[in-house]
There are 2 protein chains.
Amino acid sequence: MKRPTIADIAQRAGVTKAAVSFALNNQPGVSPTTRQRILEIAREIGWQPNSAARALSDGRAGAFGLVIDRPAGILGAEPFFMQLIAGIQGALAEGHTALLFTVAEDRQAEMELYRTWWAQRRVDGVFMVDLRIDDPRIAVLRELALPTVVVGAPEGSGGLSAVWTDDETAARLAVAHLAKLGHRRIARVTGMTDLWHTRIRTGAFMQAASEAGIEAHCVTADYTAEGGAGATTALLAEARPPTAIVYDNDLMAVSGLGAAQRAGVDVPGELSVVSWDDSVLCQLVHPALTALRRDVVAYGAHAAQRLLELAAGAAPGSRGEPPAVLTPRASTAPPPARRHR
Amino acid sequence: MKRPTIADIAQRAGVTKAAVSFALNNQPGVSPTTRQRILEIAREIGWQPNSAARALSDGRAGAFGLVIDRPAGILGAEPFFMQLIAGIQGALAEGHTALLFTVAEDRQAEMELYRTWWAQRRVDGVFMVDLRIDDPRIAVLRELALPTVVVGAPEGSGGLSAVWTDDETAARLAVAHLAKLGHRRIARVTGMTDLWHTRIRTGAFMQAASEAGIEAHCVTADYTAEGGAGATTALLAEARPPTAIVYDNDLMAVSGLGAAQRAGVDVPGELSVVSWDDSVLCQLVHPALTALRRDVVAYGAHAAQRLLELAAGAAPGSRGEPPAVLTPRASTAPPPARRHR
DNA sequence: GGTGGGTGCTATACCGGTTTAGTGGACCGT
DNA sequence: ACGGTCCACTAAACCGGTATAGCACCCACC
């Protein structure tokens with residue numbers, strides 16, 4: 001099959017390429033009747049712009065990039081990203097922008113990929129996830145002047161635009177839920193501490209607990225199943241173990257639940273479990289997990305909208321998302337009766 | 001920052017663009033010394049080809065496409081795809097080919113996307129997953145003459161190339177494992193029946209069971225957690241329930257395990273469970289699931305290699321992968337003692 | 001010493017769009 | 001009747017590569 005070009009349209013319409021281009025781009029320079037005729041022909045022969053030609057001509061690639069540098073093994077079990085991509089896709093589907101998606105070995109490879117994409121003019125902008133404290137990627141992206149939307153934390157974005165969820169409120173919701181059930185000593189199993197949102201969550205979690213007048217502490221894990229199980233085992237072995245644990249993602253929550261059960265700890269009788277991410281995983285285990293649910297698809301869509309604006313020349317700026325909603329399920333209950341406190 | 005072009009190189013080297021192009025592409029037409037000088041300059045100023053210019057000139061997009069049309073909710077919990085993408089990526093990283101990844105609403109949207117990609121010359125080829133019986137996508141891709149690698153089943157690919165795993169052997173392994181443990185009546189919870197690999201698996205599973213002289217039947221589900229749980233409940237409610245169940249993916253296996261446990265059925269004491277996909281999920285539940293494990297990353301890499309060859313003009317042809325390996329874990333054991341047979 | 005052939009390079013067309021400068025004609029006012 | 005505008009459109013350049021035709025030069029050969 002042969003792909004029609006504007007030259008084909010021009011020939012049929014008896015005008016030049018330029019006239020066709022004007023008509024197709026709503027540019028002045030053609031009469032309404034001619035414009036109509038051209039559009040008609042274009043539609044009829046199924047013309048679509050050649051993305052390479054357009055990219056070469058107007059200097060924009062017509063694509064955004066997304067790199068994730070978590071190991072493939074973890075990624076697979078992480079529902080967050082697929083949903084994010086679905087959301088991004090939804091917002092991009094309308095226009096002429098595609099999504100380049102890559103999983104990278106490590107942060108170094110990710111930065112090299114940004115440079116390559118930039119040098120090859122492959123993308124007009126990128127989505128950046130998993131922002132870390134003093135993240136070296138920021139310098140690279142700023143140097144390249146590549147429009148960027150940070151999906152995650154607004155602080156530390158170094159002037160880049162961001163789309164972020166209100167983790168303070170989410171932390172407050174989780175703590176309030178547990179406090180209301182009567183818990184006085186709770187813990188949280190976190191993701192990597194050098195991630196911005198881990199820091200934010202930790203701050204908010206500790207403060208919410210303090211305000212609620214209950215004991216709290218956080219132990220560090222790494223979003224993996226093993227990490228979640230290990231942290232759980234360690235917490236349960238403490239002299240005065242917590243009566244509730246909040247996990248930073250669903251994978252660790254499910255894995256922590258398993259570890260607790262294996263240790264003979266009844267959930268929710270002896271231990272309440274809350275997951276900071278909701279996915280089908282939370283509902284298929286027994287007991288089903290109470291979770292902080294957020295609309296990740298909408299999140300991705302908003303990030304994409306922001307990046308579209310940015311690439312079109314809009315000023316950088318961040319956008320907050322509504323906070324997560326706490327969805328109570330079977331994994332949280334009042335703590336076991338104790339002697340005191 | 002300004003991106004250097006071959007014109008910049010040409011100017012510095014005191015030659016024309018054409019000479020530079022010859023040198024950079026290992027084309028004859030320049031002397032070894034000139035070539036050396038040009039390459040040196042290119043390296044020095046960090047030249048990279050503008051992908052749009054190259055695409056426009058040689059008619060290839062420099063990208064492959066991958067569309068998945070399962071709902072975002074399911075996708076997230078499906079580790080398979082992320083690993084596949086990681087594998088594809090690894091094989092593509094060397095060259096100048098990028099990956100366009102999209103999740104589509106449905107099959108219709110997927111086909112429209114193929115047409116759009118084709119019309120816009122966005123991709124040089126696509127990976128197609130979840131091949132169905134009489135899949136309408138095949139006709140579209142053939143009509144567009146878009147190089148395609150079907151990731152899944154070789155039959156039914158309608159002349160398209162495919163990369164496929166040996167599900168016959170895998171089925172045999174699972175059945176043999178259960179037969180050896182002493183099971184005489186087993187069942188399988190399948191994915192959608194109109195998927196090619198479901199059909200293949202069913203045929204192989206039934207035949208392997210027949211050859212092993214044990215009863216077997218399959219019930220249809222849909223890869224979702226709910227589907228897996230529902231099918232399990234139904235199986236356990238049969239007059240003579242199976243003593244072992246094989247699930248077509250890990251999500252259904254985990255969910256089926258939960259359903260069995262909720263129904264008060266001991267695993268593996270009263271029911272053995274095997275998952276036809278191995279991921280971290282299988283290891284984090286209790287008991288850990290016996291699973292058919294395959295190297296999905298290598299699978300993706302091979303698919304990418306095949307598509308690279310195809311796009312370079314090679315003849316269509318399929319490639320078989322090594323069969324899955326059965327990894328025994330705690331979820332399979334001898335069946336409970338029975339009166340007879 | 002003219003012919004033939006290869007080498008090393010230049011000039012230029014081309015891919016398919018966008019954009020700018022230029023042009024012919026209708027229309028306007030006076 | 002004539003100069004000035006505006007309109008609708010054309011011609012051509014341009015983006016950054018690749019590919020082809022052609023040219024100058026050198027060497028070999030009979």
# chains A, B, ... in the order shown; residues from 1 in each chain; ligands from 1
>>> calpha_fit_and_write(fixed="chain A", moving="chain B", output="short mmCIF file (atom, residue, chain, number, x, y, z; two decimals) with C-alpha atoms, in the first residue's frame")
data_model
loop_
_atom_site.label_atom_id
_atom_site.label_comp_id
_atom_site.auth_asym_id
_atom_site.auth_seq_id
_atom_site.Cartn_x
_atom_site.Cartn_y
_atom_site.Cartn_z
CA MET B 1 0.12 0.14 -0.20
CA LYS B 2 1.22 3.64 -0.91
CA ARG B 3 0.90 6.34 1.66
CA PRO B 4 -0.60 9.56 0.32
CA THR B 5 1.32 12.79 0.83
CA ILE B 6 0.28 16.37 0.66
CA ALA B 7 1.74 16.48 -2.84
CA ASP B 8 -0.92 13.97 -3.88
CA ILE B 9 -3.59 16.12 -2.34
CA ALA B 10 -2.16 19.22 -3.98
CA GLN B 11 -2.21 17.60 -7.37
CA ARG B 12 -5.81 16.47 -7.03
CA ALA B 13 -6.91 19.84 -5.77
CA GLY B 14 -4.94 21.67 -8.41
CA VAL B 15 -3.05 23.78 -5.92
CA THR B 16 0.43 23.74 -4.43
CA LYS B 17 1.71 21.91 -1.38
CA ALA B 18 1.73 25.15 0.55
CA ALA B 19 -1.96 25.72 0.03
CA VAL B 20 -2.64 22.21 1.22
CA SER B 21 -0.51 22.74 4.28
CA PHE B 22 -2.39 25.94 5.09
CA ALA B 23 -5.70 24.23 4.72
CA LEU B 24 -4.77 21.24 6.82
CA ASN B 25 -3.35 23.31 9.64
CA ASN B 26 -6.11 25.88 9.85
CA GLN B 27 -3.67 28.50 8.71
CA PRO B 28 -4.94 31.59 6.88
CA GLY B 29 -4.03 31.84 3.24
CA VAL B 30 -6.69 29.79 1.52
CA SER B 31 -10.29 30.57 0.82
CA PRO B 32 -12.98 28.70 2.73
CA THR B 33 -14.08 26.84 -0.38
CA THR B 34 -10.59 25.73 -1.31
CA ARG B 35 -9.92 24.71 2.25
CA GLN B 36 -13.07 22.66 2.24
CA ARG B 37 -12.13 20.96 -0.98
CA ILE B 38 -8.66 20.12 0.28
CA LEU B 39 -9.94 18.73 3.55
CA GLU B 40 -12.43 16.65 1.63
CA ILE B 41 -9.75 15.16 -0.58
CA ALA B 42 -7.46 14.52 2.38
CA ARG B 43 -10.20 12.65 4.16
CA GLU B 44 -11.13 10.75 1.07
CA ILE B 45 -7.68 9.39 0.33
CA GLY B 46 -6.97 8.83 4.00
CA TRP B 47 -4.07 11.16 4.37
CA GLN B 48 -2.15 11.23 7.62
CA PRO B 49 0.91 13.36 8.22
CA ASN B 50 4.21 11.55 7.98
CA SER B 51 5.49 11.92 11.51
CA ALA B 52 9.12 12.05 10.45
CA ALA B 53 8.54 14.82 7.94
CA ARG B 54 6.56 16.82 10.42
CA ALA B 55 9.14 16.22 13.11
CA LEU B 56 11.96 17.27 10.85
CA SER B 57 10.17 20.35 9.72
CA ASP B 58 8.84 21.78 12.92
CA GLY B 59 11.49 20.42 15.21
CA ARG B 60 9.24 18.48 17.50
CA ALA B 61 9.39 14.74 17.76
CA GLY B 62 5.76 14.05 18.44
CA ALA B 63 6.60 11.73 21.30
CA PHE B 64 7.17 11.73 25.01
CA GLY B 65 9.44 9.37 26.89
CA LEU B 66 9.08 7.39 30.07
CA VAL B 67 11.94 5.48 31.63
CA ILE B 68 11.67 3.26 34.64
CA ASP B 69 14.81 1.92 36.17
CA ARG B 70 13.55 -0.55 38.69
CA PRO B 71 14.58 -4.15 38.06
CA ALA B 72 12.24 -6.03 35.74
CA GLY B 73 11.38 -8.56 38.40
CA ILE B 74 9.95 -5.97 40.74
CA LEU B 75 8.35 -3.94 38.05
CA GLY B 76 6.22 -6.76 36.91
CA ALA B 77 4.51 -7.05 40.23
CA GLU B 78 4.09 -3.31 40.55
CA PRO B 79 0.63 -2.44 39.28
CA PHE B 80 1.27 1.27 39.60
CA PHE B 81 3.18 1.74 36.38
CA MET B 82 0.83 -0.03 34.03
CA GLN B 83 -1.99 2.09 35.33
CA LEU B 84 0.08 5.22 35.02
CA ILE B 85 0.88 4.35 31.44
CA ALA B 86 -2.76 3.66 30.71
CA GLY B 87 -3.61 7.09 32.03
CA ILE B 88 -0.89 8.82 30.05
CA GLN B 89 -1.99 6.98 26.98
CA GLY B 90 -5.56 8.05 27.39
CA ALA B 91 -4.59 11.70 27.46
CA LEU B 92 -2.23 11.32 24.52
CA ALA B 93 -4.55 9.30 22.33
CA GLU B 94 -6.33 12.38 21.03
CA GLY B 95 -3.36 14.17 19.60
CA HIS B 96 -0.34 13.25 17.58
CA THR B 97 1.92 12.32 20.43
CA ALA B 98 3.21 8.83 21.06
CA LEU B 99 4.86 7.36 24.12
CA LEU B 100 8.33 5.87 24.14
CA PHE B 101 8.58 3.52 27.04
CA THR B 102 11.74 1.94 28.33
CA VAL B 103 12.95 0.03 31.31
CA ALA B 104 16.56 0.84 32.10
CA GLU B 105 19.18 -1.08 33.98
CA ASP B 106 19.98 1.68 36.41
CA ARG B 107 19.93 5.40 36.94
CA GLN B 108 23.07 5.86 34.89
CA ALA B 109 21.53 4.13 31.91
CA GLU B 110 18.43 6.23 32.37
CA MET B 111 20.38 9.45 32.15
CA GLU B 112 22.25 8.26 29.11
CA LEU B 113 18.94 7.45 27.54
CA TYR B 114 17.74 10.98 28.14
CA ARG B 115 20.83 12.27 26.41
CA THR B 116 20.37 9.93 23.52
CA TRP B 117 16.72 10.82 23.12
CA TRP B 118 17.60 14.45 23.24
CA ALA B 119 20.47 14.17 20.77
CA GLN B 120 18.39 12.14 18.37
CA ARG B 121 15.43 14.46 18.87
CA ARG B 122 13.32 11.47 19.71
CA VAL B 123 11.15 13.05 22.35
CA ASP B 124 9.65 16.43 23.13
CA GLY B 125 9.58 15.76 26.83
CA VAL B 126 9.76 13.08 29.45
CA PHE B 127 7.94 11.81 32.46
CA MET B 128 10.21 11.16 35.38
CA VAL B 129 9.27 8.82 38.19
CA ASP B 130 10.83 7.77 41.47
CA LEU B 131 12.37 11.13 42.25
CA ARG B 132 15.22 10.87 44.72
CA ILE B 133 16.80 13.29 47.09
CA ASP B 134 19.46 15.24 45.18
CA ASP B 135 18.47 13.36 42.10
CA PRO B 136 21.20 13.65 39.44
CA ARG B 137 18.63 13.27 36.69
CA ILE B 138 17.33 16.74 37.37
CA ALA B 139 20.60 18.34 36.38
CA VAL B 140 20.71 16.34 33.18
CA LEU B 141 17.19 17.23 32.19
CA ARG B 142 17.71 20.87 32.97
CA GLU B 143 20.94 20.92 31.02
CA LEU B 144 19.17 19.41 28.05
CA ALA B 145 16.21 21.73 28.57
CA LEU B 146 13.96 18.76 28.04
CA PRO B 147 10.43 19.50 29.21
CA THR B 148 9.81 17.26 32.18
CA VAL B 149 6.97 16.33 34.41
CA VAL B 150 8.01 14.71 37.63
CA VAL B 151 5.46 12.17 38.71
CA GLY B 152 5.75 12.16 42.45
CA ALA B 153 7.02 14.85 44.69
CA PRO B 154 6.92 18.58 44.02
CA GLU B 155 9.73 19.54 46.35
CA GLY B 156 13.14 18.77 45.06
CA SER B 157 12.00 18.93 41.49
CA GLY B 158 14.43 21.73 41.00
CA GLY B 159 12.06 23.93 39.07
CA LEU B 160 10.74 21.11 36.95
CA SER B 161 7.01 20.67 36.75
CA ALA B 162 5.43 17.99 38.82
CA VAL B 163 2.23 16.15 39.36
CA TRP B 164 1.95 14.88 42.87
CA THR B 165 -0.44 13.28 45.26
CA ASP B 166 -1.18 14.66 48.65
CA ASP B 167 0.64 12.13 50.79
CA GLU B 168 0.30 14.25 53.91
CA THR B 169 -3.45 13.82 53.90
CA ALA B 170 -3.12 10.16 53.04
CA ALA B 171 -0.80 9.63 55.99
CA ARG B 172 -3.25 11.42 58.21
CA LEU B 173 -6.09 9.22 56.99
CA ALA B 174 -4.21 6.03 57.68
CA VAL B 175 -3.12 7.12 61.13
CA ALA B 176 -6.60 8.39 61.98
CA HIS B 177 -8.13 5.11 60.91
CA LEU B 178 -5.81 3.13 63.13
CA ALA B 179 -6.08 5.58 66.04
CA LYS B 180 -9.83 5.39 65.90
CA LEU B 181 -9.66 1.63 66.11
CA GLY B 182 -7.70 2.08 69.29
CA HIS B 183 -4.15 1.44 68.21
CA ARG B 184 -1.52 3.16 70.32
CA ARG B 185 1.66 1.85 68.77
CA ILE B 186 1.98 1.63 65.03
CA ALA B 187 4.75 1.22 62.52
CA ARG B 188 5.36 1.77 58.87
CA VAL B 189 7.46 -0.19 56.40
CA THR B 190 8.83 2.28 53.90
CA GLY B 191 10.27 2.24 50.44
CA MET B 192 13.81 3.41 49.76
CA THR B 193 14.62 6.36 51.98
CA ASP B 194 16.26 8.36 49.25
CA LEU B 195 13.00 8.61 47.37
CA TRP B 196 11.32 11.94 47.85
CA HIS B 197 7.91 10.56 48.45
CA THR B 198 9.26 8.23 51.09
CA ARG B 199 10.64 11.21 52.95
CA ILE B 200 7.41 13.11 52.62
CA ARG B 201 5.37 10.18 53.77
CA THR B 202 7.62 9.56 56.71
CA GLY B 203 7.40 13.16 57.85
CA ALA B 204 3.63 13.22 57.52
CA PHE B 205 3.17 9.83 59.10
CA MET B 206 5.25 10.69 62.13
CA GLN B 207 3.57 14.02 62.59
CA ALA B 208 0.08 12.62 62.22
CA ALA B 209 0.89 9.98 64.80
CA SER B 210 2.34 12.57 67.13
CA GLU B 211 -0.75 14.72 66.78
CA ALA B 212 -2.95 11.72 67.44
CA GLY B 213 -0.86 11.01 70.49
CA ILE B 214 0.27 7.57 69.48
CA GLU B 215 3.65 5.94 69.17
CA ALA B 216 4.99 5.40 65.70
CA HIS B 217 8.17 4.49 63.95
CA CYS B 218 9.27 3.59 60.47
CA VAL B 219 11.56 0.86 59.24
CA THR B 220 13.14 0.98 55.85
CA ALA B 221 12.59 -1.58 53.14
CA ASP B 222 12.81 -1.48 49.38
CA TYR B 223 9.39 -2.16 47.85
CA THR B 224 10.25 -5.78 47.28
CA ALA B 225 8.43 -8.79 48.67
CA GLU B 226 11.53 -9.91 50.54
CA GLY B 227 12.02 -6.47 52.01
CA GLY B 228 8.45 -6.31 53.21
CA ALA B 229 8.62 -9.74 54.79
CA GLY B 230 11.96 -9.05 56.44
CA ALA B 231 10.85 -5.75 57.91
CA THR B 232 7.69 -7.36 59.21
CA THR B 233 9.57 -10.15 60.90
CA ALA B 234 11.88 -7.63 62.51
CA LEU B 235 8.99 -5.50 63.73
CA LEU B 236 7.18 -8.45 65.24
CA ALA B 237 10.33 -9.48 67.05
CA GLU B 238 10.64 -6.16 68.85
CA ALA B 239 10.21 -6.04 72.60
CA ARG B 240 6.96 -4.14 72.22
CA PRO B 241 5.81 -4.87 68.70
CA PRO B 242 3.38 -2.52 66.97
CA THR B 243 -0.26 -3.50 66.75
CA ALA B 244 -0.58 -2.13 63.25
CA ILE B 245 1.72 -1.77 60.27
CA VAL B 246 1.35 0.49 57.26
CA TYR B 247 3.24 -0.61 54.15
CA ASP B 248 4.37 1.76 51.45
CA ASN B 249 3.15 -0.41 48.60
CA ASP B 250 0.86 -3.34 48.06
CA LEU B 251 3.57 -5.82 47.29
CA MET B 252 5.24 -5.31 50.66
CA ALA B 253 1.87 -5.32 52.38
CA VAL B 254 0.90 -8.64 50.90
CA SER B 255 4.29 -10.06 51.62
CA GLY B 256 4.25 -8.68 55.16
CA LEU B 257 0.87 -10.23 55.72
CA GLY B 258 2.28 -13.58 54.67
CA ALA B 259 5.25 -13.17 56.97
CA ALA B 260 3.00 -12.32 59.91
CA GLN B 261 0.81 -15.31 59.23
CA ARG B 262 3.80 -17.58 58.97
CA ALA B 263 4.96 -16.26 62.33
CA GLY B 264 1.63 -17.28 63.77
CA VAL B 265 0.38 -13.74 64.19
CA ASP B 266 -3.32 -13.34 63.53
CA VAL B 267 -4.37 -10.58 61.16
CA PRO B 268 -6.33 -8.54 62.07
CA GLY B 269 -6.74 -10.00 65.58
CA GLU B 270 -3.21 -9.31 66.72
CA LEU B 271 -1.95 -7.11 63.95
CA SER B 272 -3.66 -4.70 61.61
CA VAL B 273 -2.27 -4.16 58.12
CA VAL B 274 -2.70 -1.19 55.82
CA SER B 275 -1.36 -0.93 52.29
CA TRP B 276 -0.41 2.45 50.83
CA ASP B 277 -1.37 1.38 47.37
CA ASP B 278 -4.45 -0.38 46.31
CA SER B 279 -4.60 -2.93 43.56
CA VAL B 280 -6.16 -6.25 42.88
CA LEU B 281 -3.45 -7.79 45.05
CA CYS B 282 -4.97 -6.27 48.16
CA GLN B 283 -8.27 -7.91 47.49
CA LEU B 284 -7.14 -11.35 46.60
CA VAL B 285 -5.28 -12.18 49.76
CA HIS B 286 -6.96 -13.31 52.92
CA PRO B 287 -7.83 -11.21 54.82
CA ALA B 288 -8.32 -8.53 52.18
CA LEU B 289 -6.17 -5.50 52.89
CA THR B 290 -7.32 -2.09 54.01
CA ALA B 291 -5.66 0.24 51.56
CA LEU B 292 -5.09 3.83 50.57
CA ARG B 293 -6.56 4.00 47.12
CA ARG B 294 -5.87 6.66 44.56
CA ASP B 295 -6.82 7.09 40.96
CA VAL B 296 -3.56 6.29 39.25
CA VAL B 297 -5.06 6.41 35.79
CA ALA B 298 -6.27 9.96 36.32
CA TYR B 299 -2.87 10.74 37.76
CA GLY B 300 -1.19 9.62 34.57
CA ALA B 301 -3.66 11.53 32.46
CA HIS B 302 -2.95 14.73 34.34
CA ALA B 303 0.76 14.24 34.04
CA ALA B 304 0.35 13.85 30.30
CA GLN B 305 -1.77 16.98 30.05
CA ARG B 306 0.83 18.92 31.97
CA LEU B 307 3.60 17.70 29.71
CA LEU B 308 1.58 18.55 26.62
CA GLU B 309 1.21 22.08 27.92
CA LEU B 310 4.88 22.30 28.80
CA ALA B 311 5.97 21.07 25.41
CA ALA B 312 3.68 23.65 23.88
CA GLY B 313 5.59 26.33 25.72
CA ALA B 314 3.61 26.78 28.90
CA ALA B 315 5.40 27.84 32.06
CA PRO B 316 6.52 25.13 34.47
CA GLY B 317 4.18 24.52 37.33
CA SER B 318 3.02 21.73 39.51
CA ARG B 319 -0.33 20.20 39.97
CA GLY B 320 -1.68 18.48 43.04
CA GLU B 321 -3.94 15.49 42.83
CA PRO B 322 -6.72 14.67 45.24
CA PRO B 323 -5.42 12.68 48.19
CA ALA B 324 -5.83 8.95 48.42
CA VAL B 325 -8.99 7.56 49.96
CA LEU B 326 -8.79 5.00 52.70
CA THR B 327 -10.66 1.85 51.79
CA PRO B 328 -11.26 -0.25 54.90
CA ARG B 329 -11.23 -3.99 54.43
CA ALA B 330 -10.74 -6.99 56.65
CA SER B 331 -7.11 -6.47 57.60
CA THR B 332 -7.69 -3.72 60.15
CA ALA B 333 -9.43 -4.14 63.50
CA PRO B 334 -9.04 -2.95 67.08
CA PRO B 335 -5.77 -4.00 68.68
CA PRO B 336 -5.70 -6.91 71.11
CA ALA B 337 -6.50 -5.96 74.71
CA ARG B 338 -3.35 -5.08 76.69
CA ARG B 339 -2.47 -4.47 80.32
CA HIS B 340 -1.88 -0.83 79.88
CA ARG B 341 -1.16 1.54 77.12
#
>>> select_by_dssp(residues="region 191-298 of chain B", states="strand (DSSP E or B)", output="PDB file with N, CA and C atoms, in the first residue's frame")
ATOM      1  N   LEU B 195      -8.141 -17.388  23.043  1.00  0.00           N
ATOM      2  CA  LEU B 195      -6.713 -17.136  22.881  1.00  0.00           C
ATOM      3  C   LEU B 195      -6.055 -18.401  22.361  1.00  0.00           C
ATOM      4  N   GLU B 215      -7.711 -38.563  35.158  1.00  0.00           N
ATOM      5  CA  GLU B 215      -8.841 -37.724  34.773  1.00  0.00           C
ATOM      6  C   GLU B 215      -8.430 -36.258  34.768  1.00  0.00           C
ATOM      7  N   ALA B 216      -8.957 -35.533  33.816  1.00  0.00           N
ATOM      8  CA  ALA B 216      -8.652 -34.102  33.792  1.00  0.00           C
ATOM      9  C   ALA B 216      -9.775 -33.348  33.114  1.00  0.00           C
ATOM     10  N   HIS B 217     -10.028 -32.158  33.569  1.00  0.00           N
ATOM     11  CA  HIS B 217     -10.889 -31.281  32.776  1.00  0.00           C
ATOM     12  C   HIS B 217     -10.509 -29.830  33.027  1.00  0.00           C
ATOM     13  N   CYS B 218     -10.960 -28.991  32.126  1.00  0.00           N
ATOM     14  CA  CYS B 218     -10.602 -27.577  32.195  1.00  0.00           C
ATOM     15  C   CYS B 218     -11.855 -26.737  32.389  1.00  0.00           C
ATOM     16  N   VAL B 219     -11.740 -25.702  33.175  1.00  0.00           N
ATOM     17  CA  VAL B 219     -12.830 -24.735  33.269  1.00  0.00           C
ATOM     18  C   VAL B 219     -12.280 -23.385  32.834  1.00  0.00           C
ATOM     19  N   THR B 220     -13.139 -22.632  32.207  1.00  0.00           N
ATOM     20  CA  THR B 220     -12.702 -21.378  31.624  1.00  0.00           C
ATOM     21  C   THR B 220     -12.803 -20.218  32.597  1.00  0.00           C
ATOM     22  N   ALA B 244      -6.088 -31.565  42.465  1.00  0.00           N
ATOM     23  CA  ALA B 244      -5.051 -30.611  42.068  1.00  0.00           C
ATOM     24  C   ALA B 244      -5.594 -29.706  40.977  1.00  0.00           C
ATOM     25  N   ILE B 245      -5.198 -28.453  41.028  1.00  0.00           N
ATOM     26  CA  ILE B 245      -5.631 -27.496  40.007  1.00  0.00           C
ATOM     27  C   ILE B 245      -4.426 -26.761  39.442  1.00  0.00           C
ATOM     28  N   VAL B 246      -4.394 -26.685  38.117  1.00  0.00           N
ATOM     29  CA  VAL B 246      -3.368 -25.897  37.429  1.00  0.00           C
ATOM     30  C   VAL B 246      -4.034 -24.617  36.937  1.00  0.00           C
ATOM     31  N   TYR B 247      -3.406 -23.486  37.205  1.00  0.00           N
ATOM     32  CA  TYR B 247      -3.970 -22.199  36.785  1.00  0.00           C
ATOM     33  C   TYR B 247      -3.135 -21.598  35.668  1.00  0.00           C
ATOM     34  N   SER B 272      -3.741 -29.593  45.671  1.00  0.00           N
ATOM     35  CA  SER B 272      -2.466 -29.074  45.182  1.00  0.00           C
ATOM     36  C   SER B 272      -2.732 -27.973  44.165  1.00  0.00           C
ATOM     37  N   VAL B 273      -1.833 -26.997  44.130  1.00  0.00           N
ATOM     38  CA  VAL B 273      -2.000 -25.855  43.229  1.00  0.00           C
ATOM     39  C   VAL B 273      -0.720 -25.636  42.426  1.00  0.00           C
ATOM     40  N   VAL B 274      -0.907 -25.483  41.124  1.00  0.00           N
ATOM     41  CA  VAL B 274       0.224 -25.181  40.240  1.00  0.00           C
ATOM     42  C   VAL B 274      -0.101 -23.926  39.440  1.00  0.00           C
ATOM     43  N   SER B 275       0.856 -23.038  39.340  1.00  0.00           N
ATOM     44  CA  SER B 275       0.667 -21.828  38.543  1.00  0.00           C
ATOM     45  C   SER B 275       1.442 -21.941  37.242  1.00  0.00           C
ATOM     46  N   THR B 290       3.966 -23.896  43.577  1.00  0.00           N
ATOM     47  CA  THR B 290       4.681 -24.619  42.525  1.00  0.00           C
ATOM     48  C   THR B 290       4.307 -23.953  41.206  1.00  0.00           C
ATOM     49  N   ALA B 291       5.299 -23.706  40.383  1.00  0.00           N
ATOM     50  CA  ALA B 291       4.996 -22.944  39.171  1.00  0.00           C
ATOM     51  C   ALA B 291       5.820 -23.391  37.976  1.00  0.00           C
ATOM     52  N   LEU B 292       5.263 -23.155  36.807  1.00  0.00           N
ATOM     53  CA  LEU B 292       5.984 -23.361  35.558  1.00  0.00           C
ATOM     54  C   LEU B 292       6.699 -22.064  35.249  1.00  0.00           C
ATOM     55  N   ARG B 293       8.004 -22.108  35.293  1.00  0.00           N
ATOM     56  CA  ARG B 293       8.768 -20.873  35.144  1.00  0.00           C
ATOM     57  C   ARG B 293       9.405 -20.820  33.774  1.00  0.00           C
TER      58      ARG B 293
END
>>> select_by_dssp(residues="region 130-337 of chain B", states="helix (DSSP H, G or I)", output="PyMOL selection string")
chain B and resi 136-144+167-181+196-212+225-236+250-262+280-284+296-311
>>> atom_distance(atom1="C1' of DA8 (chain D)", atom2="C1' of DT18 (chain C)")
18.2 Å
>>> interface_residues(of="chain D", to="chain B", cutoff="7 Å", atoms="only C-alpha atoms (C1' of nucleotides)", output="JSON, numbers by chain")
{"D": [16, 17, 18]}
>>> write_last_selection(atoms="N, CA and C atoms (P, O5', C5', C4', C3', O3' and C1' of nucleotides)", output="PDB file, in the first residue's frame")
ATOM      1  P    DG D  16      18.681  21.023  11.090  1.00  0.00           P
ATOM      2  O5'  DG D  16      19.012  19.540  10.627  1.00  0.00           O
ATOM      3  C5'  DG D  16      18.434  18.455  11.325  1.00  0.00           C
ATOM      4  C4'  DG D  16      18.730  17.174  10.582  1.00  0.00           C
ATOM      5  C3'  DG D  16      20.210  16.933  10.294  1.00  0.00           C
ATOM      6  O3'  DG D  16      20.471  15.555  10.476  1.00  0.00           O
ATOM      7  C1'  DG D  16      19.002  16.785   8.318  1.00  0.00           C
ATOM      8  P    DG D  17      21.933  15.099  10.874  1.00  0.00           P
ATOM      9  O5'  DG D  17      21.830  13.533  10.563  1.00  0.00           O
ATOM     10  C5'  DG D  17      22.292  13.021   9.348  1.00  0.00           C
ATOM     11  C4'  DG D  17      21.135  12.439   8.553  1.00  0.00           C
ATOM     12  C3'  DG D  17      21.568  11.526   7.417  1.00  0.00           C
ATOM     13  O3'  DG D  17      21.596  10.189   7.893  1.00  0.00           O
ATOM     14  C1'  DG D  17      19.877  13.076   6.711  1.00  0.00           C
ATOM     15  P    DT D  18      22.564   9.191   7.118  1.00  0.00           P
ATOM     16  O5'  DT D  18      21.826   8.993   5.725  1.00  0.00           O
ATOM     17  C5'  DT D  18      20.583   8.297   5.678  1.00  0.00           C
ATOM     18  C4'  DT D  18      20.164   8.110   4.237  1.00  0.00           C
ATOM     19  C3'  DT D  18      21.147   7.304   3.388  1.00  0.00           C
ATOM     20  O3'  DT D  18      20.386   6.362   2.641  1.00  0.00           O
ATOM     21  C1'  DT D  18      20.715   9.383   2.356  1.00  0.00           C
TER      22       DT D  18
END
